[in-house]
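A.B. asks: Below is a structure I'd like to ask you about.
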Amino acid sequence: MLDTNTKNLATVLEARDRLKSAQEKLHICAAFPGDVVEAEGRHCDALSAAGVDLGPLHGLPIVVKDIIDVAGMPTKAGSATRPDQPPAKADATVVAKLRAAGAVTVGKSHTVEFAFGGWGTNASQGTPRNPWKPDEPHTPGGSSNGTGVAVGGGFVPAGLGSDTGGSVRIPAAFCGCVGLKTSIGLVSRAGVVPLSDTFDTVGPLTDTVTRAAEMLAVMQGEDRADPTTLGVSRSDPLAGLEHGVSGLRLGRLSNDALEECRPEVKEAFETAVGLLTAAGATVETFDFPKSFAEYQANATAIIASDAYAFHADLADSNAAPLNDTTRMRMVVGRDLSAKERVRAQRARQADIAAFLAKMDRLDAIILPTAPITAIPLTEADENNYEMSLYTRVSNYLELSALSLPIGLTAKGLPTSLQIVVRRFDDPLALRIGRAFERARGPMPTPPAI
């Protein structure tokens, strides 16, 4: 039993040491903080001894994706182009909020270079390994690959990622944890290396839906350093979390829309639909106004255009040690004309309106997070974007989405349910996810490392 006087210190040091012990095999973190972890753990214990409780995040060990600033640590964004990056002078707004609520950063988790990729691979910095196949390297999902492995592997209960086209939800799906793509404007992006200011969001990856709600309650709020947050009202994601799904109307994909799914993914999805129906939800068939491929293509053009605008100097320089895959994706944006960019944005606004009109009678849409499960790293094709077929649409249509595990396939790989809601309905997605989590029961744990 832990000494209650040093409980928080012991918890954060144990999490840090577990990460370090798994580092050689799973390659989870890009860097570890120094003595600050012990200092913050002791500070949390001192507060507890004084009768101060900061809430559910008090003493919670987390990892932070290495595109998000943590004071005193360099933010290298998974890139060899930043070898001499100085330590960040201040926390990103979201990190500062979590720190004030008692969370302790025990590692900077790996990322796909500049967060631009869905398989979770990184040729120059190394690729984290999926914790469900520690001896047979599988894709962790990206771009928040290290955070997905850290949380899905049970090394920490929570972490931060970013989501531009699925980069929180895909690693959550592949690694078997919960991932929330927050509504744009709900959580500040100040202090986060940008990829696409049109679509970038910051969100939690966690062991449970409740923990995701606890983190969102702290992370959300206005920040003058991120104008998208101004005027956005806060809501309590914990208030209705246990209200269940009775009386809610959910749309589910038709069989035709599930044609891209592997059989084991379809089977798991039908299981999830059955559990939500049994829990009291009314489920009816819903098809998006356009194909997922059409949404994905238009979103890809906008992301590439934004990414090139931010990182043109690197993309255009043959001397810059940028990964070939990253450069290839960025230069697509260079070749997009101003006319094409404006047309893509106008088409997006029309697509948002059409979707919301069709969703009018429904509270949420349910679908698989990805049409596949994790695959062997040797089979990952950087020119294939199938992993984001069902995720990029939420960024494109300005929606919020929650990913959470359904179960395991016969090969021992996680399957995942995605719950899509209107912008700023994030608490509703969490409420539905919590009802599903209760109906599903406990998930198995990954193999010991």
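Ligands are numbered from 1 in the order shown, chains are lettered A, B, ... in the order of the structure tokens, and residues start at 1 in each chain.
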So which bits of range 130-325 of chain A end up strand (DSSP E or B) when you DSSP the backbone, as number ranges by chain?

C.D. replies: A: 138, 158-163, 178-181, 187, 192, 201-206, 220, 249-252, 282-285

A.B. asks: Just list as a PyMOL selection string whatever in range 261-378 of chain A DSSP marks as helix (DSSP H, G or I).

C.D. replies: chain A and resi 263-278+292-316+324-334+338-358+377-378

A.B. asks: Can you tell me which residues surround Val421 in chain A at a distance of at most 6 Å, considering only C-alpha atoms, apart from same-chain residues fewer than 5 positions away, and format the answer as an MDAnalysis selection string?

C.D. replies: chainID A and resid 364 399:400

A.B. asks: I need the residues from that last selection saved to file as a PDB file, in the first residue's frame (with N, CA, C and O atoms), if you can.

C.D. replies:
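Result file follows (selection.pdb):
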```pdb
ATOM      1  N   ALA A 364     -26.910  11.893 -32.912  1.00  0.00           N
ATOM      2  CA  ALA A 364     -25.523  11.524 -33.193  1.00  0.00           C
ATOM      3  C   ALA A 364     -25.493  10.483 -34.305  1.00  0.00           C
ATOM      4  O   ALA A 364     -26.520   9.863 -34.630  1.00  0.00           O
ATOM      5  N   LEU A 399     -17.309  18.839 -36.947  1.00  0.00           N
ATOM      6  CA  LEU A 399     -18.023  18.044 -35.969  1.00  0.00           C
ATOM      7  C   LEU A 399     -17.088  17.659 -34.824  1.00  0.00           C
ATOM      8  O   LEU A 399     -15.876  17.858 -34.894  1.00  0.00           O
ATOM      9  N   SER A 400     -17.654  17.112 -33.785  1.00  0.00           N
ATOM     10  CA  SER A 400     -16.875  16.487 -32.720  1.00  0.00           C
ATOM     11  C   SER A 400     -17.062  14.982 -32.835  1.00  0.00           C
ATOM     12  O   SER A 400     -18.102  14.517 -33.328  1.00  0.00           O
TER      13      SER A 400
END
```

A.B. asks: I'd like the contact shell of Thr445 in chain A - 10 Å cut-off, only C-alpha atoms, skipping same-chain residues fewer than 5 positions apart - returned as a short mmCIF file (atom, residue, chain, number, x, y, z; two decimals) with all heavy atoms, in the first residue's frame.

C.D. replies:
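After the write, result15.cif holds the following:
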```
data_model
loop_
_atom_site.label_atom_id
_atom_site.label_comp_id
_atom_site.auth_asym_id
_atom_site.auth_seq_id
_atom_site.Cartn_x
_atom_site.Cartn_y
_atom_site.Cartn_z
N PRO A 131 1.01 -1.59 -28.79
CA PRO A 131 1.22 -2.39 -27.57
C PRO A 131 0.52 -3.74 -27.58
O PRO A 131 0.85 -4.61 -26.77
CB PRO A 131 0.64 -1.50 -26.46
CG PRO A 131 -0.38 -0.65 -27.16
CD PRO A 131 0.19 -0.39 -28.52
N TRP A 132 -0.43 -3.94 -28.50
CA TRP A 132 -1.12 -5.23 -28.56
C TRP A 132 -0.32 -6.27 -29.33
O TRP A 132 -0.67 -7.46 -29.28
CB TRP A 132 -2.51 -5.05 -29.17
CG TRP A 132 -3.40 -4.24 -28.28
CD1 TRP A 132 -3.53 -2.88 -28.28
CD2 TRP A 132 -4.24 -4.73 -27.25
NE1 TRP A 132 -4.41 -2.49 -27.29
CE2 TRP A 132 -4.86 -3.60 -26.64
CE3 TRP A 132 -4.53 -6.00 -26.76
CZ2 TRP A 132 -5.75 -3.73 -25.58
CZ3 TRP A 132 -5.43 -6.13 -25.71
CH2 TRP A 132 -6.03 -5.01 -25.13
N GLY A 152 -2.92 3.27 -24.55
CA GLY A 152 -3.46 1.97 -24.90
C GLY A 152 -2.70 0.82 -24.27
O GLY A 152 -3.27 -0.23 -23.97
N GLY A 153 -1.40 1.03 -24.05
CA GLY A 153 -0.58 0.00 -23.41
C GLY A 153 -0.68 -0.01 -21.90
O GLY A 153 -0.10 -0.87 -21.25
N GLY A 154 -1.40 0.96 -21.33
CA GLY A 154 -1.59 1.00 -19.88
C GLY A 154 -0.43 1.59 -19.11
O GLY A 154 -0.36 1.44 -17.88
N GLY A 176 -6.46 0.71 -28.75
CA GLY A 176 -7.43 0.25 -27.77
C GLY A 176 -7.68 1.17 -26.60
O GLY A 176 -7.82 0.72 -25.46
#
```

A.B. asks: Do a neighbour search on Glu260 in chain A at 9 Å with only C-alpha atoms, toss out local chain neighbours closer than 4 positions, and write the hits as a tab-separated table (two decimals) with C-alpha atoms, in the first residue's frame.

C.D. replies:
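Result went into around01.tsv, see below:
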```
chain	number	residue	atom	x	y	z
A	256	ASP	CA	-23.40	-0.14	-48.55
A	371	PRO	CA	-12.44	0.41	-41.70
A	372	ILE	CA	-9.43	-1.65	-40.61
A	386	GLU	CA	-7.77	4.09	-45.82
A	389	LEU	CA	-11.67	7.19	-44.40
```

A.B. asks: Just the residues within 9 Å of Ala281 in chain A, please, counting only C-alpha atoms, with nothing from its chain fewer than 2 positions along; format it as an MDAnalysis selection string.

C.D. replies: chainID A and resid 244:250 276:279 283

A.B. asks: Looking at A:Leu13, A:Cys177, A:Ala92, A:Ala31, which one is nearest to Pro446 in chain A, with distances taken over only C-alpha atoms?

C.D. replies: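 Once distances to Pro446 in chain A are computed over only C-alpha atoms, the minimum belongs to A:Cys177.
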
A.B. asks: Just the residues within 7 Å of Val70 in chain A, please, counting only C-alpha atoms, with nothing from its chain fewer than 6 positions along; format it as a count of residues only.

C.D. replies: 5

A.B. asks: Could you tell me how far CA of Ile28 in chain A sits from CA of Ala448 in chain A, in Å to one decimal place?

C.D. replies: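 Those two atoms sit 15.1 Å apart.
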